[in-house]
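Q: Got a structure for you, coords_15.txt, holding compact mmCIF, C-alpha atoms and all ligand atoms.
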# COMPACT_ATOMS: atom_id res chain seq x y z
CA MET A 577 -3.88 -33.44 -12.71
CA LYS A 578 -4.98 -30.45 -10.60
CA LYS A 579 -6.40 -27.53 -12.54
CA ILE A 580 -4.64 -24.30 -11.62
CA GLY A 581 -6.13 -20.82 -12.05
CA ILE A 582 -4.08 -17.67 -11.54
CA PHE A 583 -5.89 -14.43 -10.62
CA TYR A 584 -3.96 -11.18 -10.28
CA GLY A 585 -4.50 -7.45 -9.73
CA SER A 586 -1.73 -5.16 -10.87
CA THR A 587 -1.48 -1.39 -11.35
CA THR A 588 1.91 -0.93 -13.03
CA GLY A 589 2.37 -4.47 -14.36
CA ASN A 590 4.76 -6.05 -11.85
CA THR A 591 2.30 -8.52 -10.33
CA LYS A 592 0.95 -9.24 -13.81
CA ASP A 593 4.48 -10.14 -14.98
CA ALA A 594 4.90 -12.36 -11.92
CA ALA A 595 1.58 -14.08 -12.68
CA TYR A 596 2.73 -15.03 -16.17
CA GLN A 597 6.16 -16.16 -14.92
CA ILE A 598 4.43 -18.37 -12.35
CA ALA A 599 2.20 -19.74 -15.11
CA SER A 600 5.25 -20.56 -17.18
CA ASN A 601 7.00 -22.31 -14.25
CA LEU A 602 3.91 -24.42 -13.56
CA SER A 603 2.94 -25.04 -17.22
CA VAL A 604 -0.36 -23.20 -16.76
CA ASP A 605 -1.96 -22.06 -20.01
CA ASP A 606 -2.28 -18.28 -20.51
CA SER A 607 -6.06 -18.73 -20.79
CA ASP A 608 -6.02 -19.72 -17.10
CA VAL A 609 -4.33 -16.46 -16.06
CA HIS A 610 -6.97 -13.85 -15.15
CA ASP A 611 -6.90 -10.14 -14.37
CA VAL A 612 -9.31 -9.67 -11.43
CA ALA A 613 -10.40 -6.37 -13.02
CA GLN A 614 -12.08 -8.44 -15.73
CA SER A 615 -13.13 -11.44 -13.67
CA SER A 616 -15.99 -12.31 -11.41
CA PRO A 617 -15.50 -14.36 -8.23
CA SER A 618 -17.48 -17.26 -9.69
CA ASP A 619 -14.72 -17.66 -12.32
CA VAL A 620 -12.71 -19.57 -9.69
CA ALA A 621 -15.21 -22.47 -9.80
CA PRO A 622 -13.43 -24.73 -12.34
CA TYR A 623 -10.10 -24.66 -10.52
CA ASP A 624 -8.67 -26.96 -7.82
CA VAL A 625 -5.80 -24.58 -7.05
CA LEU A 626 -6.10 -20.79 -6.97
CA LEU A 627 -2.95 -18.69 -7.11
CA LEU A 628 -3.99 -15.18 -6.10
CA GLY A 629 -1.73 -12.17 -6.65
CA SER A 630 -2.02 -8.58 -5.48
CA SER A 631 0.42 -5.75 -5.19
CA THR A 632 0.17 -3.45 -2.14
CA TRP A 633 -0.82 0.21 -2.39
CA GLY A 634 -1.67 3.13 -0.10
CA SER A 635 -0.39 2.09 3.29
CA GLY A 636 -0.55 -1.70 3.23
CA GLU A 637 -3.74 -1.84 1.17
CA LEU A 638 -5.09 -4.04 -1.59
CA GLN A 639 -4.44 -3.26 -5.23
CA ASP A 640 -7.56 -1.36 -6.42
CA ASP A 641 -9.08 -4.09 -8.58
CA TRP A 642 -9.08 -6.51 -5.64
CA TYR A 643 -11.72 -4.75 -3.54
CA ASP A 644 -14.82 -6.01 -5.37
CA PHE A 645 -13.27 -9.35 -6.30
CA LEU A 646 -12.29 -10.17 -2.71
CA SER A 647 -15.68 -9.14 -1.34
CA GLY A 648 -17.27 -11.66 -3.68
CA LEU A 649 -14.68 -14.36 -3.07
CA GLU A 650 -14.74 -14.29 0.72
CA VAL A 651 -18.42 -15.31 0.86
CA LEU A 652 -17.96 -18.38 -1.36
CA ASP A 653 -17.55 -21.92 -0.09
CA LEU A 654 -14.05 -22.83 -1.29
CA LYS A 655 -13.76 -26.12 0.61
CA GLY A 656 -11.64 -28.61 -1.32
CA LYS A 657 -9.65 -25.90 -3.08
CA LYS A 658 -6.06 -24.91 -2.34
CA ILE A 659 -4.94 -21.29 -2.34
CA GLY A 660 -1.45 -19.85 -2.82
CA LEU A 661 -0.78 -16.12 -2.49
CA PHE A 662 1.79 -13.96 -4.26
CA GLY A 663 2.36 -10.26 -4.76
CA CYS A 664 4.68 -7.33 -5.19
CA GLY A 665 5.59 -4.66 -2.70
CA ASP A 666 8.39 -2.43 -1.52
CA GLU A 667 10.30 -3.61 1.54
CA SER A 668 11.46 -0.05 2.28
CA MET A 669 7.82 0.58 3.28
CA SER A 670 8.90 -1.37 6.26
CA ASP A 671 5.66 -1.55 8.27
CA THR A 672 3.34 -2.46 5.43
CA PHE A 673 5.48 -4.64 3.16
CA CYS A 674 3.09 -6.67 1.00
CA GLY A 675 0.26 -5.99 3.43
CA ALA A 676 -2.32 -6.88 0.78
CA LEU A 677 -1.38 -10.54 1.07
CA GLY A 678 -1.98 -10.48 4.82
CA GLU A 679 -5.44 -9.03 4.19
CA ILE A 680 -6.35 -11.56 1.50
CA TYR A 681 -5.16 -14.38 3.78
CA GLU A 682 -7.20 -13.15 6.75
CA ARG A 683 -10.35 -12.63 4.71
CA LEU A 684 -10.23 -16.00 2.92
CA LYS A 685 -9.47 -18.06 6.03
CA GLY A 686 -13.19 -18.64 6.56
CA THR A 687 -13.86 -20.04 3.08
CA GLY A 688 -12.69 -23.56 3.94
CA ALA A 689 -9.85 -23.48 1.40
CA GLU A 690 -6.44 -24.84 2.36
CA PHE A 691 -3.52 -22.42 2.07
CA ILE A 692 -0.33 -23.61 0.43
CA GLY A 693 2.95 -21.91 -0.47
CA ALA A 694 3.98 -20.31 2.82
CA PHE A 695 7.40 -18.86 2.05
CA ASN A 696 10.53 -18.52 4.16
CA ALA A 697 10.95 -14.90 5.29
CA ASP A 698 14.78 -15.02 5.35
CA GLY A 699 16.68 -12.61 3.09
CA TYR A 700 14.16 -9.76 3.24
CA SER A 701 14.71 -6.46 5.04
CA PHE A 702 11.73 -4.82 6.74
CA GLU A 703 10.44 -4.04 10.23
CA HIS A 704 7.05 -5.64 10.02
CA SER A 705 4.86 -7.24 7.42
CA PRO A 706 1.18 -8.06 7.86
CA ALA A 707 1.97 -10.98 5.52
CA GLU A 708 4.40 -12.59 8.00
CA ILE A 709 2.93 -15.06 10.43
CA ASP A 710 5.12 -17.22 12.73
CA GLY A 711 8.33 -16.36 10.84
CA LYS A 712 6.88 -17.33 7.47
CA PHE A 713 5.17 -15.33 4.75
CA VAL A 714 1.64 -16.39 3.86
CA GLY A 715 2.83 -16.57 0.26
CA LEU A 716 5.46 -15.36 -2.18
CA LEU A 717 6.52 -11.75 -1.56
CA LEU A 718 8.35 -9.98 -4.37
CA ASP A 719 10.07 -6.62 -4.35
CA ASP A 720 10.62 -5.34 -7.87
CA VAL A 721 11.34 -1.84 -6.55
CA ASN A 722 14.55 -2.75 -4.69
CA HIS A 723 15.37 -6.33 -5.67
CA SER A 724 14.10 -7.13 -9.14
CA GLU A 725 17.22 -9.26 -9.61
CA LEU A 726 15.80 -11.74 -7.06
CA THR A 727 12.32 -12.04 -8.57
CA GLN A 728 12.98 -14.82 -11.03
CA GLU A 729 14.73 -17.07 -8.52
CA ARG A 730 12.12 -16.39 -5.83
CA ILE A 731 9.36 -17.33 -8.27
CA LYS A 732 11.14 -20.53 -9.23
CA ALA A 733 11.73 -21.51 -5.59
CA TRP A 734 8.08 -20.84 -4.73
CA CYS A 735 6.80 -22.81 -7.72
CA ASP A 736 9.02 -25.78 -6.75
CA GLU A 737 7.51 -25.63 -3.28
CA LEU A 738 3.97 -25.46 -4.71
CA LYS A 739 4.57 -28.50 -6.90
CA ALA A 740 5.32 -30.48 -3.75
CA GLU A 741 2.22 -29.16 -1.96
CA MET A 742 -0.41 -29.39 -4.71
C1 LIG A 801 1.84 5.36 -3.69
C2 LIG A 801 2.41 3.98 -3.46
C3 LIG A 801 2.11 3.29 -2.30
C4 LIG A 801 2.66 2.02 -2.06
N1 LIG A 801 2.39 1.39 -0.86
C5 LIG A 801 3.01 0.21 -0.58
C6 LIG A 801 2.85 -0.40 0.71
O1 LIG A 801 2.15 0.07 1.59
N2 LIG A 801 3.50 -1.60 0.92
C7 LIG A 801 4.29 -2.19 -0.02
O2 LIG A 801 4.83 -3.26 0.24
N3 LIG A 801 4.45 -1.62 -1.26
C8 LIG A 801 3.85 -0.44 -1.55
N4 LIG A 801 4.03 0.15 -2.78
C9 LIG A 801 4.90 -0.49 -3.77
C10 LIG A 801 4.12 -1.27 -4.86
O3 LIG A 801 3.41 -2.34 -4.29
C11 LIG A 801 5.14 -1.79 -5.87
O4 LIG A 801 5.55 -0.71 -6.67
C12 LIG A 801 4.64 -2.93 -6.74
O5 LIG A 801 5.71 -3.46 -7.48
C13 LIG A 801 3.53 -2.52 -7.68
O6 LIG A 801 3.07 -3.69 -8.32
P1 LIG A 801 2.01 -3.66 -9.53
O7 LIG A 801 2.70 -3.05 -10.70
O8 LIG A 801 1.68 -5.09 -9.77
O9 LIG A 801 0.82 -2.89 -9.08
C14 LIG A 801 3.49 1.43 -3.03
C15 LIG A 801 3.79 2.12 -4.21
C16 LIG A 801 3.29 3.38 -4.43
C17 LIG A 801 3.67 4.12 -5.70
Now, as a test, write the supplied structure out as structure tokens.

A:
Amino acid sequence: MKKIGIFYGSTTGNTKDAAYQIASNLSVDDSDVHDVAQSSPSDVAPYDVLLLGSSTWGSGELQDDWYDFLSGLEVLDLKGKKIGLFGCGDESMSDTFCGALGEIYERLKGTGAEFIGAFNADGYSFEHSPAEIDGKFVGLLLDDVNHSELTQERIKAWCDELKAEM
């Protein structure tokens, strides 16, 4: 059984809520759900699978608590681990939708970890997202500002996909 750790940064609680819903879908214990504001990068060590969540702020930027955590994470050797990304944004910010996930993906590519949970970009409405590569999102993109009614089903679909990839 793979050990899953969920690490999130969230300013108004949306990505935090998503983190706990993902935990529930994947039967991950609450003690394995971590706020990056209170975590250090070495806390990822016991886990085989890291599910990393950030909302997007400013103009396509990381959620505040992610800056230090990501700087520490990107210099670790994460070979042998799998990483799935998720986060909340606002698709009406149509050039930067969920940009934080694109940044986390780019900066963790060199760690040796394998990315899982690329998500079909159909059904979203935006001009450009730094989190979209080759017609797929690098992870699960949620929009609780405009489409909170879709969040639960998107989370379930993503978790089903993860179960097949873990
Ligand atoms: C000032 C401000 C800037 C934002 N910038 C972006 C952005 O560039 N791209 C995006 O997708 N969402 C953006 N958002 C939307 C947030 O990511 C969204 O509200 C999200 O649900 C917040 O999640 P959290 O509660 O987990 O922090 C912005 C929101 C605010 C208030």

Q: Using all atoms listed in the file, find each residue with an atom at most 8 Å away from ligand LIG 801 (chain A) and format the answer as a count of residues only.

A: 36

Q: For a test of reading the model, state the distance in Å between CA of Ala707 in chain A and CA of Asp736 in chain A, rounded to one decimal.

A: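 Going from CA of Ala707 in chain A over to CA of Asp736 in chain A covers 20.5 Å.
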
Q: Find the residues near Ile659 in chain A: any atom within 9 Å, counting only C-alpha atoms, skip ones fewer than 4 places away on the same chain, and give them as a list in words.

A: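 Contacts, with the query itself left out: Asp624, Val625, Leu626, Leu627, Leu628, Ala689, Glu690, Phe691, Ile692 and Gly693 of chain A.
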
Q: Report, in Å with one decimal, the straight-line distance from CA of Arg730 in chain A to CA of Tyr623 in chain A.

A: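 It comes out at 24.2 Å.
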
Q: Using all atoms listed in the file, find the one residue out of A:Gly581, A:Gly686, A:Gly648, A:Gly711 that sits nearest to Asp606 in chain A.

A: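 Using all atoms listed in the file, Asp606 in chain A sits closest to A:Gly581.
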
Q: As a list in words, please: the residues near Ser603 in chain A (cut-off 12 Å, only C-alpha atoms, same-chain neighbours under 4 positions excluded).

A: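 The filter keeps Met577, Lys578, Lys579, Ile580, Gly581, Ile582, Ala595, Tyr596, Gln597, Ile598, Ala599, Ser607, Asp608, Val609, Cys735 and Lys739 of chain A.
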
Q: Report as JSON, numbers by chain all protein, DNA and RNA residues lying within 7 Å of Gly715 in chain A, evaluated on all atoms listed in the file, omitting residues in the same chain fewer than 3 positions from it.

A: {"A": [660, 661, 662, 693, 694, 695]}

Q: Provide the CA of Glu679 in chain A to CA of Leu654 in chain A distance in Å, to one decimal place.

A: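 That distance, rounded to one decimal, is 17.2 Å.
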
Q: Nearest residue to Val714 in chain A out of A:Thr727, A:Ser616, A:Asn601, A:Asn696, using only C-alpha atoms?

A: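 Result for the nearest residue to Val714 in chain A: A:Asn696.
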
Q: Choose the residue, out of A:Leu738, A:Gln728, A:Glu703, A:Gly656, that has the smallest atom-to-atom separation from Pro622 in chain A; count only C-alpha atoms.

A: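 Looking at the shortest contact to Pro622 in chain A, the residue is A:Gly656.
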
Q: My structure is short of atoms at range 667-693 of chain A; please model N, CA, C and O atoms there, returning them as a short mmCIF file (atom, residue, chain, number, x, y, z; two decimals), keeping the file's coordinate frame.

A:
data_model
loop_
_atom_site.label_atom_id
_atom_site.label_comp_id
_atom_site.auth_asym_id
_atom_site.auth_seq_id
_atom_site.Cartn_x
_atom_site.Cartn_y
_atom_site.Cartn_z
N GLU A 667 9.93 -3.32 0.15
CA GLU A 667 10.30 -3.61 1.54
C GLU A 667 10.79 -2.37 2.29
O GLU A 667 10.89 -2.40 3.51
N SER A 668 11.07 -1.27 1.56
CA SER A 668 11.46 -0.05 2.28
C SER A 668 10.23 0.60 2.95
O SER A 668 10.38 1.47 3.80
N MET A 669 9.03 0.18 2.54
CA MET A 669 7.82 0.58 3.28
C MET A 669 7.68 -0.44 4.41
O MET A 669 6.88 -1.38 4.35
N SER A 670 8.53 -0.24 5.42
CA SER A 670 8.90 -1.37 6.26
C SER A 670 7.85 -1.79 7.28
O SER A 670 8.04 -2.77 7.97
N ASP A 671 6.73 -1.07 7.38
CA ASP A 671 5.66 -1.55 8.27
C ASP A 671 4.50 -2.19 7.51
O ASP A 671 3.61 -2.77 8.12
N THR A 672 4.51 -2.01 6.20
CA THR A 672 3.34 -2.46 5.43
C THR A 672 3.74 -3.36 4.27
O THR A 672 2.94 -3.59 3.36
N PHE A 673 4.97 -3.88 4.30
CA PHE A 673 5.48 -4.64 3.16
C PHE A 673 4.50 -5.76 2.77
O PHE A 673 4.20 -6.64 3.57
N CYS A 674 4.01 -5.67 1.55
CA CYS A 674 3.09 -6.67 1.00
C CYS A 674 1.88 -6.93 1.90
O CYS A 674 1.39 -8.06 2.01
N GLY A 675 1.40 -5.87 2.53
CA GLY A 675 0.26 -5.99 3.43
C GLY A 675 -0.98 -6.57 2.77
O GLY A 675 -1.81 -7.22 3.42
N ALA A 676 -1.13 -6.36 1.47
CA ALA A 676 -2.32 -6.88 0.78
C ALA A 676 -2.45 -8.39 0.94
O ALA A 676 -3.56 -8.92 1.06
N LEU A 677 -1.30 -9.07 0.96
CA LEU A 677 -1.38 -10.54 1.07
C LEU A 677 -1.87 -10.97 2.45
O LEU A 677 -2.59 -11.95 2.58
N GLY A 678 -1.47 -10.20 3.48
CA GLY A 678 -1.98 -10.48 4.82
C GLY A 678 -3.49 -10.32 4.85
O GLY A 678 -4.21 -11.12 5.45
N GLU A 679 -3.99 -9.27 4.19
CA GLU A 679 -5.44 -9.03 4.19
C GLU A 679 -6.20 -10.13 3.43
O GLU A 679 -7.23 -10.63 3.89
N ILE A 680 -5.67 -10.51 2.27
CA ILE A 680 -6.35 -11.56 1.50
C ILE A 680 -6.37 -12.87 2.32
O ILE A 680 -7.40 -13.55 2.41
N TYR A 681 -5.24 -13.17 2.96
CA TYR A 681 -5.16 -14.38 3.78
C TYR A 681 -6.21 -14.35 4.90
O TYR A 681 -6.98 -15.30 5.07
N GLU A 682 -6.27 -13.25 5.62
CA GLU A 682 -7.20 -13.15 6.75
C GLU A 682 -8.65 -13.28 6.28
O GLU A 682 -9.47 -13.94 6.91
N ARG A 683 -8.95 -12.66 5.15
CA ARG A 683 -10.35 -12.63 4.71
C ARG A 683 -10.79 -13.92 4.02
O ARG A 683 -11.99 -14.17 3.89
N LEU A 684 -9.83 -14.73 3.57
CA LEU A 684 -10.23 -16.00 2.92
C LEU A 684 -10.10 -17.19 3.86
O LEU A 684 -10.46 -18.31 3.47
N LYS A 685 -9.64 -16.94 5.09
CA LYS A 685 -9.47 -18.06 6.03
C LYS A 685 -10.78 -18.79 6.30
O LYS A 685 -10.80 -19.99 6.53
N GLY A 686 -11.89 -18.04 6.24
CA GLY A 686 -13.19 -18.64 6.56
C GLY A 686 -13.86 -19.36 5.41
O GLY A 686 -14.98 -19.86 5.55
N THR A 687 -13.20 -19.44 4.25
CA THR A 687 -13.86 -20.04 3.08
C THR A 687 -13.73 -21.56 3.04
O THR A 687 -14.36 -22.21 2.20
N GLY A 688 -12.89 -22.11 3.93
CA GLY A 688 -12.69 -23.56 3.94
C GLY A 688 -11.56 -24.01 3.03
O GLY A 688 -11.21 -25.20 3.02
N ALA A 689 -10.97 -23.10 2.27
CA ALA A 689 -9.85 -23.48 1.40
C ALA A 689 -8.61 -23.76 2.26
O ALA A 689 -8.48 -23.24 3.37
N GLU A 690 -7.71 -24.56 1.69
CA GLU A 690 -6.44 -24.84 2.36
C GLU A 690 -5.35 -23.95 1.75
O GLU A 690 -5.24 -23.87 0.53
N PHE A 691 -4.59 -23.28 2.59
CA PHE A 691 -3.52 -22.42 2.07
C PHE A 691 -2.25 -23.23 1.85
O PHE A 691 -1.87 -24.04 2.70
N ILE A 692 -1.62 -22.99 0.72
CA ILE A 692 -0.33 -23.61 0.43
C ILE A 692 0.67 -22.50 0.07
O ILE A 692 0.28 -21.36 -0.15
N GLY A 693 1.96 -22.86 0.02
CA GLY A 693 2.95 -21.91 -0.47
C GLY A 693 3.40 -20.86 0.53
O GLY A 693 3.83 -19.77 0.14
#
